[in-house]
>>> print(open('start_15.txt').read())   # compact mmCIF, C-alpha atoms and all ligand atoms
# COMPACT_ATOMS: atom_id res chain seq x y z
CA MET A 1 -7.42 -6.58 -35.49
CA ARG A 2 -8.77 -4.35 -32.74
CA THR A 3 -9.99 -0.94 -33.82
CA LEU A 4 -7.82 1.91 -32.57
CA ARG A 5 -10.03 3.99 -30.27
CA ASN A 6 -7.69 6.90 -29.70
CA ILE A 7 -4.04 7.84 -30.13
CA ASN A 8 -2.66 10.94 -28.51
CA THR A 9 0.78 12.43 -27.91
CA VAL A 10 0.76 14.05 -24.47
CA THR A 11 2.70 17.29 -24.35
CA GLU A 12 1.33 18.74 -21.10
CA ALA A 13 3.28 17.95 -17.95
CA HIS A 14 2.80 18.82 -14.29
CA TRP A 15 4.92 18.38 -11.21
CA VAL A 16 4.26 15.72 -8.59
CA GLY A 17 5.99 17.16 -5.55
CA ASN A 18 9.18 18.89 -6.71
CA GLY A 19 10.79 15.73 -8.08
CA PHE A 20 8.59 14.23 -10.76
CA PRO A 21 7.57 16.17 -13.88
CA VAL A 22 4.92 13.86 -15.31
CA SER A 23 2.56 13.62 -18.25
CA THR A 24 -0.69 11.83 -17.47
CA MET A 25 -1.15 9.29 -20.26
CA PHE A 26 -4.52 8.09 -19.02
CA SER A 27 -6.67 8.58 -15.95
CA TYR A 28 -9.83 7.07 -14.53
CA GLU A 29 -11.12 10.63 -14.23
CA GLN A 30 -11.72 10.54 -18.00
CA GLY A 31 -13.69 7.29 -17.78
CA ALA A 32 -12.89 4.55 -15.34
CA GLN A 33 -14.36 1.57 -17.17
CA ALA A 34 -12.32 2.18 -20.34
CA VAL A 35 -8.98 1.86 -18.52
CA SER A 36 -9.92 -0.67 -15.80
CA PRO A 37 -8.27 -2.52 -14.04
CA PHE A 38 -5.85 0.43 -14.15
CA LEU A 39 -6.57 3.90 -12.82
CA LEU A 40 -3.76 6.15 -13.94
CA LEU A 41 -0.49 6.18 -15.83
CA ASP A 42 1.91 9.07 -15.25
CA TYR A 43 5.07 9.18 -17.37
CA ALA A 44 8.08 11.22 -16.32
CA GLY A 45 9.78 11.36 -19.70
CA PRO A 46 13.56 11.70 -19.82
CA VAL A 47 14.38 14.87 -17.91
CA GLU A 48 17.77 16.10 -16.76
CA PHE A 49 18.31 17.15 -13.16
CA GLY A 50 21.41 19.01 -12.02
CA PRO A 51 23.24 18.01 -8.83
CA ALA A 52 21.28 19.00 -5.71
CA GLN A 53 22.02 19.34 -1.99
CA SER A 54 18.82 17.57 -0.94
CA ALA A 55 16.66 15.01 -2.70
CA ARG A 56 13.59 16.19 -4.61
CA GLY A 57 10.37 14.28 -4.39
CA VAL A 58 7.05 13.89 -2.63
CA GLY A 59 6.83 13.90 1.18
CA GLU A 60 4.73 11.70 3.40
CA HIS A 61 1.20 11.05 2.07
CA PRO A 62 -1.47 8.33 2.32
CA HIS A 63 -3.10 5.91 -0.13
CA ARG A 64 -6.03 3.51 0.21
CA GLY A 65 -7.91 1.14 -2.08
CA PHE A 66 -5.43 0.46 -4.87
CA GLU A 67 -1.76 -0.18 -5.75
CA THR A 68 0.94 2.24 -6.89
CA VAL A 69 3.54 0.76 -9.21
CA THR A 70 6.74 2.66 -9.95
CA LEU A 71 8.83 1.60 -12.94
CA VAL A 72 12.25 3.25 -13.17
CA TYR A 73 13.98 3.36 -16.56
CA ARG A 74 16.68 5.92 -15.78
CA GLY A 75 17.78 7.50 -12.52
CA GLU A 76 17.03 6.28 -9.01
CA VAL A 77 13.99 6.58 -6.76
CA ALA A 78 13.90 6.01 -2.99
CA HIS A 79 10.82 4.93 -1.10
CA ARG A 80 9.82 4.47 2.56
CA ASP A 81 6.44 3.43 3.91
CA SER A 82 4.51 2.78 7.09
CA THR A 83 4.86 -1.01 6.78
CA GLY A 84 8.56 -0.44 7.49
CA LYS A 85 9.53 -1.34 3.94
CA GLY A 86 11.52 0.79 1.61
CA GLY A 87 14.56 0.97 -0.58
CA VAL A 88 16.15 2.46 -3.63
CA ILE A 89 15.19 1.29 -7.09
CA GLY A 90 17.19 1.98 -10.21
CA PRO A 91 17.04 1.39 -13.96
CA GLY A 92 14.97 -1.67 -14.82
CA ASP A 93 13.57 -2.06 -11.30
CA VAL A 94 9.93 -1.85 -10.25
CA GLN A 95 8.32 -1.26 -6.90
CA TRP A 96 4.79 -2.59 -6.53
CA MET A 97 3.15 -1.05 -3.47
CA THR A 98 -0.23 -2.28 -2.29
CA ALA A 99 -1.94 0.49 -0.35
CA GLY A 100 -4.92 -1.74 0.46
CA ALA A 101 -6.50 -0.66 3.75
CA GLY A 102 -4.03 2.16 4.09
CA ILE A 103 -0.40 3.13 3.86
CA MET A 104 1.71 6.24 4.37
CA HIS A 105 4.74 6.67 2.15
CA GLU A 106 7.24 9.09 0.66
CA GLU A 107 8.85 9.06 -2.77
CA PHE A 108 12.11 10.89 -3.47
CA HIS A 109 15.07 10.83 -5.80
CA SER A 110 17.75 8.69 -4.14
CA ASP A 111 20.45 10.59 -2.26
CA ALA A 112 23.08 9.35 -4.71
CA PHE A 113 21.04 10.41 -7.75
CA ALA A 114 20.29 13.79 -6.18
CA ALA A 115 23.98 14.37 -5.49
CA SER A 116 25.18 13.36 -8.95
CA GLY A 117 22.24 14.65 -10.96
CA GLY A 118 21.37 12.99 -14.23
CA VAL A 119 18.47 11.85 -16.35
CA LEU A 120 15.27 10.61 -14.73
CA GLU A 121 12.79 8.50 -16.68
CA MET A 122 10.04 6.62 -14.88
CA VAL A 123 6.41 5.63 -14.84
CA GLN A 124 3.94 5.55 -12.01
CA LEU A 125 0.99 3.28 -12.68
CA TRP A 126 -2.05 3.06 -10.41
CA VAL A 127 -3.65 -0.38 -10.37
CA ASN A 128 -7.16 -0.70 -8.97
CA LEU A 129 -8.11 -3.37 -6.45
CA PRO A 130 -11.38 -5.30 -6.70
CA ALA A 131 -13.82 -4.29 -3.92
CA GLU A 132 -13.14 -7.50 -2.01
CA HIS A 133 -9.42 -6.62 -1.80
CA LYS A 134 -9.56 -2.85 -1.25
CA MET A 135 -9.08 -3.23 2.49
CA MET A 136 -6.41 -5.94 2.28
CA PRO A 137 -3.26 -5.47 4.37
CA PRO A 138 -0.79 -3.04 2.81
CA GLY A 139 2.30 -4.50 1.18
CA TYR A 140 5.43 -3.70 -0.76
CA GLN A 141 7.12 -5.76 -3.45
CA SER A 142 10.62 -4.74 -4.48
CA LEU A 143 11.05 -6.21 -7.96
CA THR A 144 14.55 -5.93 -9.35
CA ALA A 145 15.52 -6.04 -13.02
CA ASP A 146 16.94 -9.57 -12.76
CA MET A 147 13.53 -10.96 -11.70
CA PHE A 148 11.67 -10.21 -14.93
CA PRO A 149 11.51 -12.93 -17.58
CA THR A 150 12.57 -11.61 -20.98
CA ALA A 151 12.32 -13.19 -24.42
CA ASN A 152 12.47 -12.32 -28.07
CA PHE A 153 9.32 -12.38 -30.14
CA THR A 154 9.20 -15.26 -32.61
CA ASP A 155 11.70 -14.75 -35.44
CA ALA A 156 12.46 -11.22 -34.25
CA ALA A 157 15.17 -9.24 -32.51
CA SER A 158 12.48 -7.26 -30.69
CA SER A 159 11.92 -8.45 -27.14
CA PHE A 160 9.50 -8.23 -24.24
CA ARG A 161 9.86 -8.46 -20.48
CA VAL A 162 6.94 -9.40 -18.25
CA ILE A 163 6.40 -7.46 -15.03
CA ALA A 164 2.95 -8.76 -14.11
CA GLY A 165 0.71 -11.40 -15.62
CA GLU A 166 1.58 -13.90 -18.32
CA PHE A 167 2.62 -13.52 -21.95
CA GLN A 168 3.64 -16.34 -24.30
CA GLY A 169 4.37 -18.71 -21.43
CA LEU A 170 6.39 -16.26 -19.33
CA THR A 171 4.97 -15.02 -16.02
CA GLY A 172 6.00 -11.80 -14.32
CA PRO A 173 6.97 -11.82 -10.63
CA ALA A 174 4.46 -9.25 -9.35
CA ARG A 175 1.67 -10.54 -7.13
CA ILE A 176 -1.55 -9.31 -8.73
CA MET A 177 -5.14 -9.30 -7.44
CA SER A 178 -6.97 -9.36 -10.80
CA PRO A 179 -6.07 -10.60 -14.31
CA MET A 180 -3.71 -8.22 -16.11
CA LEU A 181 -0.54 -7.91 -18.14
CA VAL A 182 2.12 -5.26 -17.53
CA MET A 183 4.94 -5.67 -20.03
CA ASP A 184 7.80 -3.64 -21.51
CA LEU A 185 8.60 -3.96 -25.20
CA ALA A 186 12.01 -3.22 -26.72
CA LEU A 187 11.24 -2.91 -30.43
CA VAL A 188 13.89 -3.02 -33.13
CA ALA A 189 13.54 -0.72 -36.13
CA GLY A 190 11.61 -2.21 -39.02
CA GLU A 191 10.07 -5.11 -37.12
CA ARG A 192 6.31 -5.68 -37.08
CA ILE A 193 4.87 -7.47 -34.03
CA GLU A 194 1.35 -8.78 -33.43
CA LEU A 195 0.20 -8.79 -29.81
CA PRO A 196 -2.81 -10.97 -28.94
CA PHE A 197 -5.17 -10.10 -26.08
CA ALA A 198 -8.43 -11.52 -24.79
CA LYS A 199 -11.20 -9.57 -26.49
CA ASP A 200 -12.82 -8.34 -23.27
CA TRP A 201 -9.53 -6.98 -21.87
CA ASN A 202 -8.79 -3.28 -22.02
CA VAL A 203 -5.48 -2.54 -23.74
CA MET A 204 -3.44 0.65 -23.38
CA LEU A 205 -0.16 1.05 -25.27
CA THR A 206 2.25 3.78 -24.18
CA VAL A 207 5.16 4.72 -26.44
CA LEU A 208 7.88 5.81 -24.04
CA THR A 209 10.63 6.57 -26.55
CA GLY A 210 11.04 6.02 -30.28
CA THR A 211 8.54 6.02 -33.11
CA VAL A 212 5.98 3.27 -33.48
CA GLN A 213 3.34 2.60 -36.08
CA VAL A 214 0.18 1.25 -34.43
CA ASN A 215 -2.24 -0.98 -36.34
CA ASP A 216 -0.46 -0.41 -39.66
CA GLY A 217 -0.97 3.29 -39.97
CA HIS A 218 -1.18 5.50 -36.93
CA LEU A 219 2.15 6.93 -35.83
CA GLY A 220 3.11 7.36 -32.20
CA ARG A 221 6.27 8.89 -30.81
CA ASP A 222 7.62 9.69 -27.33
CA ALA A 223 4.82 10.04 -24.76
CA THR A 224 2.02 8.72 -26.95
CA ILE A 225 -0.91 6.70 -25.62
CA ALA A 226 -3.01 4.40 -27.81
CA THR A 227 -6.26 2.79 -26.68
CA PHE A 228 -8.30 0.16 -28.47
CA GLU A 229 -11.88 -1.06 -28.82
CA ASN A 230 -12.76 -4.48 -27.44
CA ASP A 231 -13.53 -5.80 -30.91
CA GLY A 232 -10.58 -7.88 -32.10
CA GLU A 233 -8.04 -10.50 -31.16
CA TYR A 234 -4.79 -8.57 -31.52
CA ILE A 235 -3.03 -5.25 -32.11
CA VAL A 236 -0.03 -4.55 -34.32
CA VAL A 237 3.06 -2.47 -33.55
CA GLU A 238 5.87 -1.67 -35.97
CA ALA A 239 8.95 0.27 -34.92
CA ASN A 240 10.06 2.98 -37.34
CA ASN A 241 13.19 3.27 -35.25
CA ASP A 242 14.20 1.47 -32.07
CA ALA A 243 11.43 2.07 -29.57
CA ARG A 244 10.39 1.28 -26.04
CA VAL A 245 6.74 0.64 -25.32
CA LEU A 246 4.82 -0.14 -22.14
CA ILE A 247 1.77 -2.39 -22.42
CA THR A 248 -0.91 -2.23 -19.73
CA ALA A 249 -3.79 -4.60 -20.40
CA GLY A 250 -6.30 -6.39 -18.25
CA ALA A 251 -9.77 -7.63 -17.48
CA PRO A 252 -11.96 -4.71 -16.45
CA ILE A 253 -13.11 -4.67 -12.83
CA ARG A 254 -16.80 -3.99 -13.34
CA GLU A 255 -17.38 -1.99 -10.14
CA PRO A 256 -17.99 1.69 -9.39
CA VAL A 257 -14.87 3.85 -9.01
CA VAL A 258 -14.97 6.81 -6.63
CA GLY A 259 -11.66 8.61 -6.20
CA TYR A 260 -10.60 11.51 -4.04
CA GLY A 261 -6.93 12.47 -4.14
CA PRO A 262 -4.91 9.53 -2.79
CA PHE A 263 -7.97 7.34 -2.12
CA VAL A 264 -9.81 5.23 -4.71
CA MET A 265 -12.82 3.35 -3.40
CA ASN A 266 -16.24 2.17 -4.62
CA THR A 267 -18.52 4.65 -2.80
CA GLU A 268 -18.55 8.23 -1.46
CA GLU A 269 -19.15 6.80 2.00
CA GLU A 270 -15.90 4.84 1.83
CA ILE A 271 -14.06 8.05 0.88
CA VAL A 272 -15.49 9.84 3.92
CA THR A 273 -14.38 6.91 6.08
CA ALA A 274 -10.87 7.07 4.57
CA ILE A 275 -10.58 10.78 5.41
CA GLU A 276 -11.76 10.12 8.98
CA ASP A 277 -9.36 7.20 9.38
CA LEU A 278 -6.49 9.34 8.13
CA LYS A 279 -7.35 12.09 10.66
CA SER A 280 -7.42 9.59 13.51
CA GLY A 281 -4.01 8.14 12.58
CA GLY A 282 -5.34 4.88 11.18
CA PHE A 283 -2.86 4.84 8.31
CA GLY A 284 0.16 4.41 10.54
CA GLU A 285 3.30 6.47 10.20
CA LEU A 286 6.71 6.38 8.59
CA PRO A 287 9.50 4.87 10.67
CA ALA A 288 11.54 7.59 12.39
MN MN A 301 2.21 8.03 -3.53
>>> encode(input="start_15.txt", output="structure tokens")
Amino acid sequence: MRTLRNINTVTEAHWVGNGFPVSTMFSYEQGAQAVSPFLLLDYAGPVEFGPAQSARGVGEHPHRGFETVTLVYRGEVAHRDSTGKGGVIGPGDVQWMTAGAGIMHEEFHSDAFAASGGVLEMVQLWVNLPAEHKMMPPGYQSLTADMFPTANFTDAASSFRVIAGEFQGLTGPARIMSPMLVMDLALVAGERIELPFAKDWNVMLTVLTGTVQVNDGHLGRDATIATFENDGEYIVVEANNDARVLITAGAPIREPVVGYGPFVMNTEEEIVTAIEDLKSGGFGELPA
């Protein structure tokens, strides 16, 4: 079994724009190699919004050098970007946006969700790109709930659904640029599941809701992040009550990480270039 490196319930939250009250479960700013190929995981735990006249969210802003992945569990999020793509995603849907060489986008509650109000629960995951792909053309994948393969674990009622990468013969629909696994777990109370991973992969386990015992002892509840050493073949999760867990695991990209706000590159020089390109309009603009 892998040694548990750290387990931490995150109680601090901050606002992204005026629409997304998030807890940062992990960030490359606390050590990029330990969480690679991922950069950041923000969790907007279940939060109730009243009906509003106009949609809350984050206005037009750029990204370069990585991918932003939005997973909606409850509520609805609307997106528009400078490639002309966009749409509304709802419960179970995922949008996988590749900023690559540069994109401008906005992220808001959908008009319908804003008008009705309700509970919002979502994750935004930042996925790094290997240096050779950082300046790839920007792209947008709208992945709807029906596209994700789902299966029960062997002899269990607990199930998994694969968003990206491959697990037990099922492959998620997301196009990915380095080896990784992004997978939701729906755990049933009392069941104990072993999850195998390649030893050199980094593994981060986020408890979204419920109570989960990790590696036969350490308890995690809502908004808990567990990280593991690269010293074993598998980890163990046991649900104390029904629980939902997000697994982010992957082969580390062994390259320097230099981030500045919405840009994540390999060198300071590339950051300076990104800022210059943004000033000169090189990131395009949102459709009118
Ligand atoms: Mn963004």
>>> residues_around(input="start_15.txt", residues="Val207 in chain A", least_positions_apart="3", cutoff="7 Å", atoms="all atoms listed in the file", output="PyMOL selection string")
chain A and resi 220-225+244-246
>>> residues_near_ligand(input="start_15.txt", ligand="ligand MN 301 (chain A)", cutoff="12 Å", atoms="all atoms listed in the file", output="PyMOL selection string")
chain A and resi 16-17+20+42+57-64+66-70+78-81+95-99+102-108+124-126+261-263
>>> closest_residue(input="start_15.txt", among="A:Thr9, A:Asn240, A:Ser27, A:Asn128", to="Val264 in chain A", atoms="only C-alpha atoms")
A:Asn128
>>> closest_residue(input="start_15.txt", among="A:Thr11, A:Thr209, A:Gln141, A:Asn215", to="Tyr73 in chain A", atoms="all atoms listed in the file")
A:Thr209
>>> atom_distance(input="start_15.txt", atom1="CA of Phe228 in chain A", atom2="CA of Leu205 in chain A")
8.8 Å
>>> residues_around(input="start_15.txt", residues="Asp231 in chain A", least_positions_apart="2", cutoff="9 Å", atoms="only C-alpha atoms", output="list in words")
Met1, Arg2, Thr3, Lys199, Asp200, Phe228, Glu229 and Glu233 of chain A
>>> atom_distance(input="start_15.txt", atom1="CA of Leu185 in chain A", atom2="CA of Pro91 in chain A")
15.0 Å
>>> closest_residue(input="start_15.txt", among="A:Gly86, A:Gly217, A:Gly169, A:Gly45", to="Arg192 in chain A", atoms="only C-alpha atoms")
A:Gly217
>>> closest_residue(input="start_15.txt", among="A:Ala189, A:Ala131, A:Leu120, A:Ala151", to="Arg254 in chain A", atoms="all atoms listed in the file")
A:Ala131
>>> atom_distance(input="start_15.txt", atom1="CA of Tyr28 in chain A", atom2="CA of Leu71 in chain A")
19.5 Å
>>> closest_residue(input="start_15.txt", among="A:Val47, A:Leu187, A:Ala274, A:Leu4", to="Asn241 in chain A", atoms="only C-alpha atoms")
A:Leu187
>>> closest_residue(input="start_15.txt", among="A:Gln30, A:Thr150, A:Asn18, A:Ser23", to="Ser54 in chain A", atoms="all atoms listed in the file")
A:Asn18
>>> residues_around(input="start_15.txt", residues="Glu238 in chain A", least_positions_apart="5", cutoff="10 Å", atoms="all atoms listed in the file", output="list in words")
Leu187, Val188, Ala189, Gly190, Glu191, Arg192, Ile193, Glu194, Thr211, Val212, Gln213, Val214, Asn215, Asp216, Gly217, Leu219 and Ala243 of chain A
